[in-house]
file structure_24.csv (CSV, C-alpha atoms and all ligand atoms)
chain,number,residue,atom,x,y,z
A,1,MET,CA,-29.7,-13.8,-145.5
A,2,ILE,CA,-32.3,-13.4,-148.3
A,3,SER,CA,-35.0,-10.9,-147.4
A,4,HIS,CA,-38.4,-11.2,-149.0
A,5,LYS,CA,-41.6,-9.2,-148.4
A,6,TYR,CA,-44.9,-10.7,-147.7
A,7,GLU,CA,-48.4,-9.6,-146.8
A,8,ILE,CA,-49.4,-9.8,-143.2
A,9,GLU,CA,-52.7,-9.0,-141.6
A,10,PRO,CA,-52.5,-6.2,-139.1
A,11,MET,CA,-52.4,-6.9,-135.4
A,12,ILE,CA,-55.6,-5.4,-134.1
A,13,ASN,CA,-56.0,-4.0,-130.7
A,14,ARG,CA,-57.2,-6.0,-127.7
A,15,ARG,CA,-60.7,-4.5,-127.7
A,16,ASN,CA,-61.2,-5.3,-131.3
A,17,PHE,CA,-59.9,-8.7,-130.7
A,18,ILE,CA,-62.4,-9.4,-128.0
A,19,LEU,CA,-65.2,-8.3,-130.2
A,20,GLY,CA,-63.7,-10.1,-133.2
A,21,SER,CA,-63.1,-13.3,-131.4
A,22,THR,CA,-66.6,-13.3,-130.0
A,23,ILE,CA,-68.1,-13.1,-133.5
A,24,THR,CA,-65.6,-15.6,-134.8
A,25,SER,CA,-66.3,-18.1,-131.9
A,26,ILE,CA,-70.0,-17.7,-132.3
A,27,THR,CA,-70.0,-18.3,-136.0
A,28,ALA,CA,-67.5,-21.2,-135.6
A,29,PHE,CA,-69.4,-22.9,-132.9
A,30,LEU,CA,-72.8,-22.4,-134.5
A,31,GLY,CA,-71.3,-23.8,-137.7
A,32,LEU,CA,-72.3,-20.7,-139.7
A,33,LYS,CA,-70.7,-20.1,-143.0
A,34,GLU,CA,-68.8,-16.8,-142.5
A,35,PRO,CA,-65.2,-17.4,-143.1
A,36,VAL,CA,-63.2,-17.4,-139.9
A,37,THR,CA,-60.5,-15.0,-141.1
A,38,ALA,CA,-59.1,-11.7,-139.8
A,39,LYS,CA,-59.6,-8.6,-141.9
A,40,SER,CA,-56.9,-8.2,-144.6
A,41,SER,CA,-54.8,-5.2,-145.5
A,42,ASN,CA,-51.6,-4.5,-147.3
A,43,VAL,CA,-49.1,-4.2,-144.4
A,44,THR,CA,-45.8,-5.7,-145.5
A,45,THR,CA,-43.2,-7.1,-143.1
A,46,GLU,CA,-39.8,-8.5,-143.6
A,47,ILE,CA,-39.5,-12.2,-143.4
A,48,LYS,CA,-37.7,-13.5,-140.4
A,49,PRO,CA,-36.7,-17.1,-140.6
A,50,ILE,CA,-36.9,-18.9,-137.3
A,51,VAL,CA,-36.8,-22.4,-135.8
A,52,ILE,CA,-38.2,-23.0,-132.3
A,53,SER,CA,-38.6,-26.3,-130.5
A,54,THR,CA,-39.3,-27.8,-127.1
A,55,TRP,CA,-36.9,-28.8,-124.4
A,56,ASN,CA,-33.1,-29.4,-124.4
A,57,HIS,CA,-33.2,-31.8,-127.2
A,58,GLY,CA,-34.5,-28.9,-129.3
A,59,LEU,CA,-31.0,-27.4,-129.5
A,60,PRO,CA,-29.5,-30.1,-131.8
A,61,ALA,CA,-32.9,-30.5,-133.6
A,62,ASN,CA,-32.9,-26.7,-134.4
A,63,GLU,CA,-29.3,-27.0,-135.6
A,64,ALA,CA,-30.3,-29.6,-138.2
A,65,ALA,CA,-33.4,-27.7,-139.2
A,66,TRP,CA,-31.6,-24.4,-139.5
A,67,LYS,CA,-29.1,-25.9,-142.0
A,68,ILE,CA,-32.0,-26.5,-144.3
A,69,ILE,CA,-33.5,-23.1,-143.8
A,70,LYS,CA,-30.1,-21.4,-144.3
A,71,SER,CA,-29.5,-23.1,-147.6
A,72,GLY,CA,-32.9,-21.9,-148.9
A,73,GLY,CA,-34.8,-25.1,-148.1
A,74,LYS,CA,-38.4,-25.5,-147.1
A,75,ALA,CA,-39.7,-25.2,-143.6
A,76,ILE,CA,-41.4,-28.6,-144.0
A,77,ASP,CA,-38.1,-30.3,-144.7
A,78,ALA,CA,-36.5,-28.4,-141.9
A,79,VAL,CA,-39.0,-29.5,-139.2
A,80,GLU,CA,-38.9,-33.1,-140.4
A,81,THR,CA,-35.1,-33.2,-140.4
A,82,GLY,CA,-35.0,-31.5,-137.0
A,83,ALA,CA,-37.5,-33.9,-135.4
A,84,LYS,CA,-35.4,-36.9,-136.6
A,85,VAL,CA,-32.5,-35.9,-134.4
A,86,PRO,CA,-34.0,-36.8,-131.0
A,87,GLU,CA,-36.0,-39.6,-132.6
A,88,ALA,CA,-32.7,-41.3,-133.4
A,89,ASP,CA,-31.0,-40.4,-130.1
A,90,PRO,CA,-31.2,-43.3,-127.6
A,91,GLU,CA,-30.6,-40.9,-124.7
A,92,ALA,CA,-33.8,-39.0,-125.5
A,93,ASN,CA,-36.1,-41.3,-123.7
A,94,SER,CA,-39.4,-39.6,-124.5
A,95,VAL,CA,-39.0,-39.7,-128.3
A,96,GLY,CA,-38.4,-42.5,-130.9
A,97,TYR,CA,-35.6,-45.0,-130.4
A,98,GLY,CA,-34.9,-45.3,-126.6
A,99,GLY,CA,-38.3,-43.8,-125.7
A,100,TYR,CA,-39.8,-45.2,-122.5
A,101,PRO,CA,-42.4,-47.9,-123.2
A,102,ASP,CA,-46.0,-48.3,-122.0
A,103,ARG,CA,-46.6,-50.3,-118.7
A,104,ASP,CA,-46.4,-53.6,-120.7
A,105,GLY,CA,-43.0,-52.8,-122.2
A,106,ASN,CA,-44.2,-51.7,-125.7
A,107,VAL,CA,-42.6,-48.6,-127.3
A,108,THR,CA,-45.5,-46.9,-129.1
A,109,LEU,CA,-44.9,-43.7,-131.0
A,110,ASP,CA,-47.1,-40.7,-132.1
A,111,ALA,CA,-46.1,-38.0,-134.6
A,112,CYS,CA,-47.6,-35.4,-136.9
A,113,ILE,CA,-46.4,-32.9,-139.4
A,114,MET,CA,-48.1,-30.0,-141.3
A,115,ASP,CA,-47.0,-27.9,-144.2
A,116,GLU,CA,-47.5,-24.4,-145.6
A,117,THR,CA,-50.5,-25.5,-147.7
A,118,GLY,CA,-52.4,-26.8,-144.7
A,119,ASN,CA,-51.7,-30.4,-145.7
A,120,CYS,CA,-50.8,-32.7,-142.9
A,121,GLY,CA,-50.0,-36.3,-141.9
A,122,SER,CA,-49.9,-38.2,-138.7
A,123,VAL,CA,-49.2,-41.6,-137.2
A,124,SER,CA,-50.4,-42.9,-133.8
A,125,TYR,CA,-49.6,-46.1,-131.9
A,126,LEU,CA,-46.8,-46.9,-134.3
A,127,GLN,CA,-44.3,-49.5,-133.2
A,128,HIS,CA,-40.9,-50.6,-134.4
A,129,ILE,CA,-40.1,-47.6,-136.6
A,130,LYS,CA,-37.4,-45.2,-135.6
A,131,HIS,CA,-38.7,-42.2,-137.5
A,132,PRO,CA,-42.4,-41.8,-137.0
A,133,ILE,CA,-42.2,-38.2,-138.2
A,134,SER,CA,-41.1,-39.4,-141.7
A,135,VAL,CA,-43.9,-42.0,-141.8
A,136,ALA,CA,-46.3,-39.1,-141.0
A,137,ARG,CA,-44.7,-37.1,-143.8
A,138,LYS,CA,-45.3,-40.1,-146.2
A,139,VAL,CA,-49.0,-40.2,-145.0
A,140,MET,CA,-49.2,-36.6,-145.9
A,141,ASP,CA,-47.4,-36.8,-149.2
A,142,ASP,CA,-48.4,-40.2,-150.6
A,143,THR,CA,-52.0,-40.8,-149.4
A,144,PRO,CA,-55.3,-39.1,-149.4
A,145,HIS,CA,-55.5,-39.6,-145.6
A,146,VAL,CA,-54.3,-37.6,-142.6
A,147,MET,CA,-53.8,-40.3,-140.0
A,148,LEU,CA,-52.7,-43.9,-139.9
A,149,SER,CA,-52.6,-45.9,-136.7
A,150,GLY,CA,-51.2,-49.1,-135.1
A,151,ALA,CA,-50.7,-52.2,-137.3
A,152,GLY,CA,-51.9,-50.3,-140.4
A,153,ALA,CA,-49.4,-47.5,-139.9
A,154,LEU,CA,-46.6,-50.1,-139.4
A,155,GLU,CA,-47.7,-52.0,-142.6
A,156,PHE,CA,-47.7,-48.7,-144.5
A,157,ALA,CA,-44.2,-47.8,-143.2
A,158,LEU,CA,-42.8,-51.1,-144.2
A,159,GLN,CA,-44.3,-50.8,-147.7
A,160,LYS,CA,-42.6,-47.4,-147.9
A,161,GLY,CA,-39.2,-49.0,-147.1
A,162,PHE,CA,-38.8,-48.1,-143.4
A,163,LYS,CA,-37.0,-50.7,-141.4
A,164,LYS,CA,-38.5,-52.7,-138.6
A,165,GLU,CA,-36.4,-52.2,-135.5
A,166,GLU,CA,-36.4,-52.9,-131.8
A,167,LEU,CA,-36.8,-49.5,-130.1
A,168,LEU,CA,-36.6,-50.6,-126.5
A,169,THR,CA,-32.9,-50.0,-125.5
A,170,ASP,CA,-31.3,-51.7,-122.5
A,171,LYS,CA,-31.4,-48.4,-120.7
A,172,SER,CA,-35.2,-47.8,-121.3
A,173,LYS,CA,-35.9,-51.5,-120.5
A,174,ALA,CA,-34.0,-51.2,-117.2
A,175,ALA,CA,-36.0,-48.0,-116.4
A,176,TRP,CA,-39.3,-49.8,-117.1
A,177,LYS,CA,-38.3,-52.8,-114.9
A,178,LYS,CA,-37.5,-50.4,-112.1
A,179,TRP,CA,-40.9,-48.7,-112.6
A,180,LEU,CA,-42.6,-52.2,-112.5
A,181,GLU,CA,-41.3,-52.7,-108.9
A,182,LYS,CA,-43.8,-50.2,-107.6
A,183,SER,CA,-46.0,-49.6,-110.7
A,184,GLU,CA,-47.0,-46.2,-109.5
A,185,TYR,CA,-48.7,-44.2,-112.2
A,186,SER,CA,-48.8,-40.5,-111.7
A,187,PRO,CA,-47.6,-37.8,-114.1
A,188,ILE,CA,-44.1,-36.8,-113.6
A,189,ILE,CA,-43.7,-33.1,-114.3
A,190,ASN,CA,-40.8,-32.2,-116.6
A,191,ARG,CA,-39.6,-35.8,-116.8
A,192,GLU,CA,-35.8,-35.5,-117.0
A,193,ASN,CA,-36.4,-32.2,-118.7
A,194,HIS,CA,-36.9,-33.6,-122.2
A,195,ASP,CA,-40.3,-34.7,-123.3
A,196,THR,CA,-42.0,-34.5,-126.7
A,197,ILE,CA,-40.2,-32.6,-129.4
A,198,GLY,CA,-42.3,-30.0,-131.2
A,199,LEU,CA,-40.8,-27.8,-133.8
A,200,LEU,CA,-42.0,-24.8,-135.7
A,201,ALA,CA,-40.1,-23.1,-138.5
A,202,ILE,CA,-40.4,-20.2,-140.9
A,203,ASP,CA,-38.2,-20.5,-144.1
A,204,GLN,CA,-36.7,-17.8,-146.2
A,205,LYS,CA,-39.9,-17.6,-148.3
A,206,GLY,CA,-41.9,-16.9,-145.2
A,207,ASP,CA,-43.6,-20.3,-145.2
A,208,ILE,CA,-44.5,-21.9,-141.9
A,209,SER,CA,-44.5,-25.7,-141.0
A,210,GLY,CA,-44.6,-27.7,-137.8
A,211,ALA,CA,-43.8,-31.2,-136.5
A,212,CYS,CA,-44.3,-33.1,-133.3
A,213,THR,CA,-43.0,-36.5,-132.3
A,214,THR,CA,-43.1,-38.5,-129.1
A,215,SER,CA,-43.1,-41.9,-127.4
A,216,GLY,CA,-45.9,-40.4,-125.2
A,217,LEU,CA,-46.3,-40.6,-121.5
A,218,ALA,CA,-44.0,-43.2,-119.9
A,219,TRP,CA,-45.7,-46.2,-118.5
A,220,LYS,CA,-49.0,-45.2,-120.1
A,221,LEU,CA,-51.9,-47.8,-120.5
A,222,HIS,CA,-51.3,-50.0,-123.5
A,223,GLY,CA,-53.1,-48.4,-126.5
A,224,ARG,CA,-53.1,-44.9,-125.1
A,225,VAL,CA,-52.6,-42.2,-127.7
A,226,GLY,CA,-51.8,-38.6,-126.6
A,227,ASP,CA,-52.1,-35.2,-128.2
A,228,SER,CA,-48.9,-35.3,-130.3
A,229,PRO,CA,-50.4,-37.0,-133.4
A,230,ILE,CA,-53.6,-35.0,-133.2
A,231,ILE,CA,-53.6,-32.1,-135.6
A,232,GLY,CA,-54.8,-29.1,-133.6
A,233,ALA,CA,-53.9,-30.6,-130.3
A,234,GLY,CA,-50.2,-31.4,-130.3
A,235,MET,CA,-49.4,-29.2,-133.3
A,236,PHE,CA,-51.1,-26.9,-135.7
A,237,THR,CA,-50.0,-24.4,-138.3
A,238,ASP,CA,-51.8,-22.0,-140.6
A,239,ASN,CA,-49.5,-20.3,-143.1
A,240,ASP,CA,-51.5,-17.1,-143.0
A,241,ILE,CA,-51.2,-16.8,-139.3
A,242,GLY,CA,-48.6,-18.9,-137.5
A,243,GLY,CA,-48.2,-22.1,-135.6
A,244,ALA,CA,-48.1,-23.8,-132.2
A,245,VAL,CA,-46.8,-26.9,-130.6
A,246,ALA,CA,-47.6,-28.6,-127.2
A,247,THR,CA,-45.8,-30.8,-124.7
A,248,GLY,CA,-46.8,-32.3,-121.4
A,249,MET,CA,-49.9,-34.0,-120.3
A,250,GLY,CA,-51.5,-34.7,-123.6
A,251,GLU,CA,-55.0,-35.3,-122.3
A,252,ALA,CA,-55.3,-31.7,-121.1
A,253,VAL,CA,-54.2,-30.5,-124.5
A,254,MET,CA,-56.7,-32.7,-126.3
A,255,LYS,CA,-59.5,-31.5,-124.1
A,256,THR,CA,-58.9,-28.0,-125.2
A,257,LEU,CA,-57.5,-28.5,-128.7
A,258,GLY,CA,-54.6,-26.3,-127.5
A,259,THR,CA,-52.6,-25.6,-130.6
A,260,PHE,CA,-55.6,-24.9,-132.8
A,261,LEU,CA,-56.9,-22.6,-130.1
A,262,ILE,CA,-53.6,-20.7,-130.0
A,263,VAL,CA,-53.5,-20.2,-133.8
A,264,GLU,CA,-57.1,-19.0,-133.8
A,265,LEU,CA,-56.3,-16.6,-130.9
A,266,MET,CA,-53.4,-15.2,-132.9
A,267,ARG,CA,-55.8,-14.9,-135.9
A,268,GLY,CA,-58.0,-12.8,-133.7
A,269,GLY,CA,-55.1,-10.5,-132.9
A,270,MET,CA,-53.2,-11.9,-129.9
A,271,THR,CA,-49.5,-12.1,-129.9
A,272,PRO,CA,-48.0,-15.6,-129.7
A,273,GLN,CA,-47.2,-14.9,-126.0
A,274,GLU,CA,-50.7,-13.8,-125.2
A,275,ALA,CA,-52.2,-16.8,-127.1
A,276,CYS,CA,-50.0,-19.3,-125.3
A,277,GLU,CA,-51.0,-17.8,-121.9
A,278,GLU,CA,-54.7,-17.8,-122.8
A,279,ALA,CA,-54.5,-21.5,-123.9
A,280,VAL,CA,-52.8,-22.4,-120.6
A,281,GLY,CA,-55.5,-20.4,-118.8
A,282,ARG,CA,-58.3,-22.4,-120.5
A,283,ILE,CA,-56.8,-25.6,-119.1
A,284,ALA,CA,-56.3,-24.1,-115.6
A,285,ALA,CA,-59.9,-22.8,-115.6
A,286,LYS,CA,-61.4,-26.3,-115.9
A,287,GLN,CA,-58.8,-28.9,-114.9
A,288,ASP,CA,-56.8,-29.8,-111.9
A,289,TYR,CA,-53.7,-28.2,-113.4
A,290,LYS,CA,-51.5,-28.2,-110.4
A,291,SER,CA,-50.6,-31.8,-110.8
A,292,PHE,CA,-49.3,-31.8,-114.4
A,293,GLN,CA,-47.3,-29.8,-116.8
A,294,ILE,CA,-48.2,-28.3,-120.2
A,295,GLY,CA,-45.9,-26.3,-122.3
A,296,TYR,CA,-46.8,-24.3,-125.4
A,297,LEU,CA,-44.7,-22.6,-128.1
A,298,ALA,CA,-46.1,-20.4,-130.8
A,299,ILE,CA,-44.9,-18.3,-133.6
A,300,ASN,CA,-46.7,-15.8,-135.9
A,301,LYS,CA,-46.2,-14.9,-139.5
A,302,ALA,CA,-44.0,-11.9,-138.5
A,303,GLY,CA,-41.5,-14.3,-136.8
A,304,GLU,CA,-42.6,-13.3,-133.3
A,305,TYR,CA,-42.7,-16.1,-130.8
A,306,GLY,CA,-44.2,-17.0,-127.4
A,307,ALA,CA,-43.8,-19.7,-124.8
A,308,TYR,CA,-45.8,-20.5,-121.6
A,309,SER,CA,-46.3,-23.4,-119.3
A,310,ILE,CA,-48.3,-24.4,-116.3
A,311,GLN,CA,-45.3,-25.3,-114.1
A,312,LYS,CA,-41.8,-24.1,-113.7
A,313,GLY,CA,-39.2,-25.9,-115.8
A,314,PHE,CA,-40.4,-25.8,-119.4
A,315,ASN,CA,-37.6,-24.6,-121.6
A,316,TYR,CA,-37.2,-24.3,-125.4
A,317,ALA,CA,-34.6,-23.8,-128.0
A,318,LEU,CA,-34.8,-20.8,-130.3
A,319,HIS,CA,-32.8,-20.4,-133.5
A,320,LYS,CA,-33.1,-16.8,-134.6
A,321,ASN,CA,-30.6,-14.5,-136.4
A,322,GLY,CA,-28.1,-17.3,-136.7
A,323,ASP,CA,-28.1,-17.9,-132.9
A,324,ASN,CA,-29.3,-21.1,-131.3
A,325,GLN,CA,-30.0,-20.7,-127.6
A,326,MET,CA,-32.0,-22.3,-124.8
A,327,HIS,CA,-34.6,-20.1,-123.0
A,328,LYS,CA,-36.8,-20.6,-120.0
A,329,ALA,CA,-40.6,-20.2,-120.4
A,330,ASN,CA,-42.6,-18.1,-118.0
A,331,TYR,CA,-45.3,-20.1,-116.2
A,332,LEU,CA,-48.6,-20.0,-114.4
A,333,ASN,CA,-48.2,-21.9,-111.1
A,334,LYS,CA,-46.0,-19.6,-109.1
B,401,LIG,N1,-47.7,-34.7,-124.9
B,401,LIG,C1,-47.1,-36.0,-124.9
B,401,LIG,C2,-48.2,-37.0,-124.7
B,401,LIG,O1,-49.1,-36.7,-123.9
B,401,LIG,C3,-46.1,-36.2,-123.8
B,401,LIG,C4,-45.1,-35.2,-123.5
B,401,LIG,O2,-45.0,-34.2,-124.1
B,401,LIG,O3,-44.3,-35.4,-122.7
B,401,LIG,O4,-48.2,-38.1,-125.2

call {"tool": "encode", "arguments": {"input": "structure_24.csv", "output": "structure tokens", "more": "lines below"}}
Ligand code: ASP
result
Amino acid sequence: MISHKYEIEPMINRRNFILGSTITSITAFLGLKEPVTAKSSNVTTEIKPIVISTWNHGLPANEAAWKIIKSGGKAIDAVETGAKVPEADPEANSVGYGGYPDRDGNVTLDACIMDETGNCGSVSYLQHIKHPISVARKVMDDTPHVMLSGAGALEFALQKGFKKEELLTDKSKAAWKKWLEKSEYSPIINRENHDTIGLLAIDQKGDISGACTTSGLAWKLHGRVGDSPIIGAGMFTDNDIGGAVATGMGEAVMKTLGTFLIVELMRGGMTPQEACEEAVGRIAAKQDYKSFQIGYLAINKAGEYGAYSIQKGFNYALHKNGDNQMHKANYLNK
């Protein structure tokens, strides 16, 4: 493994963090001009390439992403390639092809991607395209915009050479028909243990990127868009600090801009684990959290990681030191 050195900001202690974060929050929320950055120093740390992703479908996604990292490729290519694995898998019924439809039978997809320069792209309410993550990448690479939605996103994808496809499989159609018999709409916690895929990666240069892609909540209202395509909600990275991804009830993540919050908490000195727990705590403090699931993953520049959820059952795939394994996240609602 190639080992490089890079500059990392020092982890500051908890007391300094509280003071620092208060100042940071006040300046940020008042819109003042002080840069919201931690103090810098010349601490150097060895780069530790890593890929981490949500749920069981993260395992094959990590495998595909790691091949790119291992051969010296970029984290942005790794996360896109990894995300495409469950997107193409008809058995992954919360992502891409074979994803469960909305209550009217439409498969509508949300995805976003962010690179080491802070550039990002996103699509929401995209229909008929198997790889929304790659359309999001094109939005990032080929347009001055961040987000394209609905018919415009589809038109853009077709112009870029993506193929129009039927994404509703016989299996997902049958599941939808069954749901229609009762048409009950309440969030299902850990639906079949594989929801949105969110991936974070650090490559051999130490650069960080993230991706997130989903068919959203099954049986959602037609037109509903969740957290997954929203930069700072479903996914956020900052190459100086780290990154975070979210899965679960997107509305709760959007109300707290969860992944942006996690990165900012890490900027203030929290570990990835502490930041994930704090972000879950922010949801629990104001929302009826016992009825839904949220899972967060985070990494920092040093290759440390964290995972935390509201309910039991959130798991994640971690590819580290050449080893790709599933892990169970700790959770709040015990
Ligand atoms: N966060 C996704 C959404 O709300 C769904 C999920 O992760 O299961 O659309």

call {"tool": "residues_near_ligand", "arguments": {"input": "structure_24.csv", "ligand": "ligand LIG 401 (chain B)", "cutoff": "7 Å", "atoms": "all atoms listed in the file", "output": "VMD selection string"}}
result
chain A and resid 94 195 to 196 214 to 217 225 to 228 234 246 to 251

call {"tool": "closest_residue", "arguments": {"input": "structure_24.csv", "among": "A:Leu332, A:Ala317, A:Ala83, A:Asn239", "to": "Ala279 (chain A)", "atoms": "only C-alpha atoms"}}
result
A:Leu332

call {"tool": "closest_residue", "arguments": {"input": "structure_24.csv", "among": "A:Gly121, A:Leu318, A:Gly303, A:Glu277", "to": "Ala211 (chain A)", "atoms": "all atoms listed in the file"}}
result
A:Gly121

call {"tool": "closest_residue", "arguments": {"input": "structure_24.csv", "among": "A:Lys301, A:Lys328, A:Ile231, A:Asn315", "to": "Gln204 (chain A)", "atoms": "all atoms listed in the file"}}
result
A:Lys301

call {"tool": "closest_residue", "arguments": {"input": "structure_24.csv", "among": "A:Ala284, A:Val79, A:Val123, A:Ile113", "to": "Ile50 (chain A)", "atoms": "all atoms listed in the file"}}
result
A:Val79

call {"tool": "closest_residue", "arguments": {"input": "structure_24.csv", "among": "A:Ala174, A:Ala65, A:Tyr125, A:Ile47", "to": "Ser149 (chain A)", "atoms": "all atoms listed in the file"}}
result
A:Tyr125
